[in-house]
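Asker: Can you keep this structure in mind? I'll have questions shortly.
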Amino acid sequence: MKTGEDLKKELIKIDHKSYGMYKTLSGSYGFGKYILNIDHVQGDPFASPSRLRFEVKKEQHGFPEEYYKTKDRRLALEDQVLRKFLRQLGRVDKVTSGSGKSGRITTCPANQTVQERIAVVFSKEKMELRFEMGFPARGRSIMAGEMQKLVFHILPELAENCLIFSNWDRKEKENLKEAIFLADDQKALREEIKKRNLVAFVADGAILPRESGVSDRPMGNAVKFASPDDLRVKIVLPHKGEITGMGIPAGITVITGGGYHGKSTLLKALEQGVYNHIKGDGREYVVSEASGVKIRAEDGRSVRHTDISLFINHLPAGQDTSDFSSENASGSTSQAANLIEALEADASLLFLDEDTSATNFMIRDNVMAKLVSDEKEPITTLLRHIRGIYQSFGVSFLIVVGSSGDYLSVADLVLQLDHYEVKNVTKQAKQICKEEGMENLYPAGKVTKPAFERKLKPVKPGRRKIKSMGTDSVIIDRETIDVRYLEQIAENGQTTALAYLMEWILDHQKKEENIRDILNHLYETIEKKGMGAVIPPNYSAGHPVLPRKQELFACLSRYRSANIIR
Ligand code: ADP
Ligand code: MG
């Protein structure tokens with residue numbers, strides 16, 4: 001392998017030459033404790049920066065093996081190393097001069113969750129950290145001296161500080177150990193709630209509201225969560241010991257209360273409970289069933305061959321709703337499709353908020369039923385099917401309802417938010433239903449399993465242009481897939497990864513195959529071999545962060561150019 005000395009010589013040769021000569025530097029260079037890989041060199045100083053990768057053998061990095069022997073611990077370790085690198089980057093002054101992105105070093109940003117990110121990966125043998133750097137230039141001419149400063153001064157310091165365990169100070173090592181222990185505890189908590197047939201847990205003392213609509217950090221003076229006495233459960237975690245909090249059993253749970261009392265805030269925290277949160281977030285011990293999916297109305301979305309006949313029938317134009325396609329679904333049909341597709345993607349918990357639901361999908365009152373007869377109404381409301389869905393498929397619901405009282409009659413548990421405080425009002429709610437003659441108004445009816453038979457047909461291979469924008473869109477060639485209503489996407493990198501995973505599927509589809517099988521197979525591969533097995537190391541843009549299968553499923557379902565058939 002070439003060494004740092006070789007890199008120095010090559011740099012001297014190309015000083016002041018045209019920018020394109022930087023391309024000759026691609027390759028791997030040994031720097032003693034670490035290897036510096038130059039995976040991709042940018043075309044000009046204004047293009048997206050060059051992509052580099054530190055590689056450190058385990059004998060050199062020295063992180064304790066027990067920190068990466070289980071998956072949950074490994075993710076916590078990778079997360080902590082990334083955060084330390086980001087902190088360190090914040091301290092690196094822009095020491096180099098030059099045009100465009102000269103000298104700028106960046107990597108994958110991290111918010112409040114622990115995720116599987118391609119930026120930092122520990123394996124049995126080594127760890128790798130990926131970052132970008134703008135190769136310096138004046139105009140289009142190479143500034144070798146500036147590049148030397150970066151490669152022989154800044155980068156070694158970054159690598160030494162972040163990637164060599166013995167260089168972490170006592171406090172940092174302590175924090176790392178806490179993060180590892182937290183990962184153990186979160187894993188234990190998730191296992192425990194499953195055992196007790198709970199679908200979610202909110203610890204006493206948790207902080208649910210966020211700083212602002214655009215910040216995921218905890219709100220400063222929030223009212224801390226306190227569980228109602230009759231829903232309080234105790235769970236003993238391996239490191240933290242006993243914690244208490246509200247356990248939400250499997251079934252249908254309605255969250256109600258006056259406007260602005262904190263209903264949506266509780267639901268949002270539970271929606272994000274599919275992920276683990278970092279220490280200090282306030283939601284460290286707020287967890288929900290990991291396959292849970294938020295279901296909302298999304299008019300305008302594209303639907304391809306989804307069986308929505310459970311909810312929609314006899315459309316005026318006579319479309320077959322057991323094999324329904326639309327380029328422009330309505331509020332109710334989009335919400336029905338979202339729900340069915342979530343089940344197709346193995347969700348066993350569904351989150352709904354009245355605020356973002358189509359009213360006619362949720363309820364239909366008696367007065368309206370008198371005017372517009374049942375035969376003329378294509379929609380069978382969720383209200384009519386909700387008990388059946390729970391009983392037949394074992395799928396639980398967490399629903400925020402402020403105004404449709406009918407939902408009280410189908411609920412197993414009714415929670416009321418009162419000044420951000422949760423109360424169990426199930427008994428009162430049932431009493432009212434009785435007085436109003438609403439008991440068993442919507443019993444569990446027969447629900448037939450929707451046909452999960454959608455297949456993907458191979459498409460012509462070829463180079464595709466892929467891109468992503470924030471958490472809003474995935475772009476494949478000329479089509480923009482709108483994913484902004486997949487509200488559980490937590491990081492931009494997940495959208496980036498969605499784009500790469502979509503590309504992988506399109507490239508590897510050799511025969512007609514059920515979408516469920518394709519995705520299950522893909523996620524098994526990632527589980528076994530890591531994201532690197534499907535997203536090649538020389539990926540061209542962004543910072544892939546593994547999305548859940550449910551989000552990939554949703555993205556594929558919204559892709560208008562997909563060759564989905566039945
Ligand atoms: P709802 O859905 O019941 O109308 P929201 O959940 O939207 O209410 O909450 C209303 C406001 O109260 C939001 O600005 C939210 O940030 C704030 N809030 C929610 N929970 C708390 C809490 N525990 N402490 C302080 N503020 C809170
Ligand atoms: Mg609300």
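Each chain in the structure tokens gets a letter, A, B, ..., in the order shown, and its residues are numbered from 1; ligands are numbered from 1 in order too.
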Return as a PyMOL selection string every polymer residue, whether protein, DNA or RNA, with at least one atom no more than 9 Å from an atom of ligand 2; count only C-alpha atoms and all ligand atoms.
Answerer: chain A and resi 259-265+267+353-356+400-402
Asker: Write a file of the just-selected residues containing N, CA and C atoms, as an mmCIF file, in the first residue's frame.
Answerer:
data_model
loop_
_atom_site.group_PDB
_atom_site.id
_atom_site.type_symbol
_atom_site.label_atom_id
_atom_site.label_comp_id
_atom_site.auth_asym_id
_atom_site.auth_seq_id
_atom_site.Cartn_x
_atom_site.Cartn_y
_atom_site.Cartn_z
ATOM 1 N N GLY A 259 -58.376 20.914 23.242
ATOM 2 C CA GLY A 259 -57.378 21.417 22.307
ATOM 3 C C GLY A 259 -56.205 22.030 23.064
ATOM 4 N N TYR A 260 -55.013 21.785 22.570
ATOM 5 C CA TYR A 260 -53.804 22.376 23.143
ATOM 6 C C TYR A 260 -53.396 21.803 24.501
ATOM 7 N N HIS A 261 -53.943 20.643 24.866
ATOM 8 C CA HIS A 261 -53.571 20.059 26.150
ATOM 9 C C HIS A 261 -52.447 19.025 26.036
ATOM 10 N N GLY A 262 -51.942 18.814 24.818
ATOM 11 C CA GLY A 262 -50.779 17.947 24.667
ATOM 12 C C GLY A 262 -51.027 16.592 24.026
ATOM 13 N N LYS A 263 -52.156 16.424 23.341
ATOM 14 C CA LYS A 263 -52.472 15.129 22.723
ATOM 15 C C LYS A 263 -51.482 14.771 21.617
ATOM 16 N N SER A 264 -51.335 15.703 20.666
ATOM 17 C CA SER A 264 -50.455 15.412 19.531
ATOM 18 C C SER A 264 -49.011 15.236 19.989
ATOM 19 N N THR A 265 -48.645 15.966 21.026
ATOM 20 C CA THR A 265 -47.277 15.854 21.543
ATOM 21 C C THR A 265 -47.006 14.438 22.058
ATOM 22 N N LEU A 267 -48.643 11.733 21.132
ATOM 23 C CA LEU A 267 -48.658 10.816 19.990
ATOM 24 C C LEU A 267 -47.337 10.892 19.211
ATOM 25 N N ASP A 353 -53.855 10.594 14.010
ATOM 26 C CA ASP A 353 -54.241 11.836 14.666
ATOM 27 C C ASP A 353 -55.394 12.422 13.862
ATOM 28 N N GLU A 354 -56.483 12.693 14.562
ATOM 29 C CA GLU A 354 -57.661 13.280 13.907
ATOM 30 C C GLU A 354 -57.283 14.509 13.065
ATOM 31 N N ASP A 355 -56.311 15.290 13.589
ATOM 32 C CA ASP A 355 -55.884 16.516 12.895
ATOM 33 C C ASP A 355 -55.412 16.261 11.466
ATOM 34 N N THR A 356 -54.816 15.097 11.223
ATOM 35 C CA THR A 356 -54.233 14.837 9.904
ATOM 36 C C THR A 356 -54.959 13.682 9.199
ATOM 37 N N VAL A 400 -55.448 9.753 18.296
ATOM 38 C CA VAL A 400 -55.802 11.011 18.940
ATOM 39 C C VAL A 400 -57.143 11.472 18.385
ATOM 40 N N VAL A 401 -58.113 11.611 19.270
ATOM 41 C CA VAL A 401 -59.443 12.037 18.866
ATOM 42 C C VAL A 401 -59.916 13.134 19.799
ATOM 43 N N GLY A 402 -60.217 14.286 19.245
ATOM 44 C CA GLY A 402 -60.706 15.374 20.086
ATOM 45 C C GLY A 402 -62.195 15.553 19.971
#
Asker: Show me which residues are within 12 Å of ligand 1 counting only C-alpha atoms and all ligand atoms, and format the list as an MDAnalysis selection string.
Answerer: chainID A and resid 204:226 255:270 282:283 352:356 399:403 415:422
Asker: Can you pull out the residues contacting region 510-513 of chain A? Cut-off 12 Å, using only C-alpha atoms, and skip same-chain residues under 3 positions away; I want them as JSON, numbers by chain.
Answerer: {"A": [453, 454, 455, 456, 457, 458, 459, 460, 461, 504, 505, 506, 507, 516, 517, 518, 519, 520, 521, 563, 564, 565, 566]}
Asker: Excluding His16 (chain A) and its own-chain neighbours fewer than 3 positions away, which residues fall within 12 Å of it when counting only C-alpha atoms? Please give them as a PyMOL selection string.
Answerer: chain A and resi 11-13+19-22+136-147
Asker: Quick one: contact table of region 453-500 of chain A to region 289-310 of chain A, 8 Å max, nearest atom pair and distance in Å to one decimal per residue, counting only C-alpha atoms, chain and number order, as a tab-separated table?
Answerer:
residue	atom	partner	partner_atom	distance
A:Arg454	CA	A:His305	CA	6.7
A:Tyr485	CA	A:Glu298	CA	7.1
A:Leu486	CA	A:Lys294	CA	7.5
A:Glu487	CA	A:Lys294	CA	6.9
A:Gln488	CA	A:Lys294	CA	7.2
Asker: Using only C-alpha atoms, pick whichever of A:Met502, A:Ala562, A:Leu198, A:Ala188 has the shortest atom-to-atom distance to Ile243 (chain A).
Answerer: A:Ala188
Asker: Env of region 49-52 of chain A: 12 Å cut, atoms = only C-alpha atoms, seq-sep filter 6 positions within chain, self excluded. Answer as an NGL selection string.
Answerer: :A and (22-23 or 25-29 or 35-43 or 100-108 or 119 or 128-136 or 151 or 155 or 537-543)
Asker: Per residue of region 325-355 of chain A within 8 Å of region 388-398 of chain A, record the nearest atom pair and its distance in Å to one decimal, counting only C-alpha atoms, with rows in chain order and ascending residue number, as JSON lines.
Answerer:
{"residue": "A:Ala347", "atom": "CA", "partner": "A:Val395", "partner_atom": "CA", "distance": 7.5}
{"residue": "A:Ser348", "atom": "CA", "partner": "A:Val395", "partner_atom": "CA", "distance": 4.5}
{"residue": "A:Leu349", "atom": "CA", "partner": "A:Ser396", "partner_atom": "CA", "distance": 4.7}
{"residue": "A:Leu350", "atom": "CA", "partner": "A:Phe397", "partner_atom": "CA", "distance": 4.9}
{"residue": "A:Phe351", "atom": "CA", "partner": "A:Leu398", "partner_atom": "CA", "distance": 4.9}
{"residue": "A:Leu352", "atom": "CA", "partner": "A:Leu398", "partner_atom": "CA", "distance": 6.4}
Asker: What is the CA of Gly245 (chain A) to CA of Gly273 (chain A) distance in Å?
Answerer: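 Going from CA of Gly245 (chain A) over to CA of Gly273 (chain A) covers 14.1 Å.
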Asker: Based on the backbone DSSP call, show me all residues of region 227-269 of chain A assigned strand (DSSP E), as JSON, numbers by chain.
Answerer: {"A": [232, 233, 234, 235, 236, 237, 241, 242, 243, 244, 245, 246, 247, 248, 249, 252, 253, 254, 255, 256, 257]}
Asker: With a distance cut-off of 6 Å and only C-alpha atoms, select the neighbouring residues of Ala358 (chain A), excluding the residue or stretch itself and same-chain residues fewer than 2 positions from it, and output the selection as a PDB file with N, CA, C and O atoms, in the first residue's frame.
Answerer:
ATOM      1  N   ALA A 297     -53.967  11.177   6.103  1.00  0.00           N
ATOM      2  CA  ALA A 297     -54.498  11.432   4.767  1.00  0.00           C
ATOM      3  C   ALA A 297     -53.389  12.070   3.942  1.00  0.00           C
ATOM      4  O   ALA A 297     -52.534  12.762   4.462  1.00  0.00           O
ATOM      5  N   GLY A 331     -58.463  12.303  -0.132  1.00  0.00           N
ATOM      6  CA  GLY A 331     -58.081  12.193   1.274  1.00  0.00           C
ATOM      7  C   GLY A 331     -58.387  10.822   1.843  1.00  0.00           C
ATOM      8  O   GLY A 331     -57.518  10.158   2.418  1.00  0.00           O
ATOM      9  N   SER A 332     -59.625  10.366   1.660  1.00  0.00           N
ATOM     10  CA  SER A 332     -60.006   9.090   2.262  1.00  0.00           C
ATOM     11  C   SER A 332     -59.342   7.897   1.568  1.00  0.00           C
ATOM     12  O   SER A 332     -58.859   6.984   2.238  1.00  0.00           O
ATOM     13  N   ASN A 360     -64.052  11.854   6.541  1.00  0.00           N
ATOM     14  CA  ASN A 360     -64.966  10.819   6.036  1.00  0.00           C
ATOM     15  C   ASN A 360     -64.372   9.411   6.092  1.00  0.00           C
ATOM     16  O   ASN A 360     -65.065   8.428   5.930  1.00  0.00           O
ATOM     17  N   PHE A 361     -63.060   9.327   6.319  1.00  0.00           N
ATOM     18  CA  PHE A 361     -62.444   8.022   6.549  1.00  0.00           C
ATOM     19  C   PHE A 361     -62.644   7.600   8.009  1.00  0.00           C
ATOM     20  O   PHE A 361     -62.784   6.427   8.320  1.00  0.00           O
TER      21      PHE A 361
END
Asker: Residues within 12 Å of Glu66 (chain A), please, as a ChimeraX atom specification. Count only C-alpha atoms; anything in the same chain fewer than 4 positions from it doesn't count.
Answerer: /A:62,70-74,77,122,124,177,180-181,184
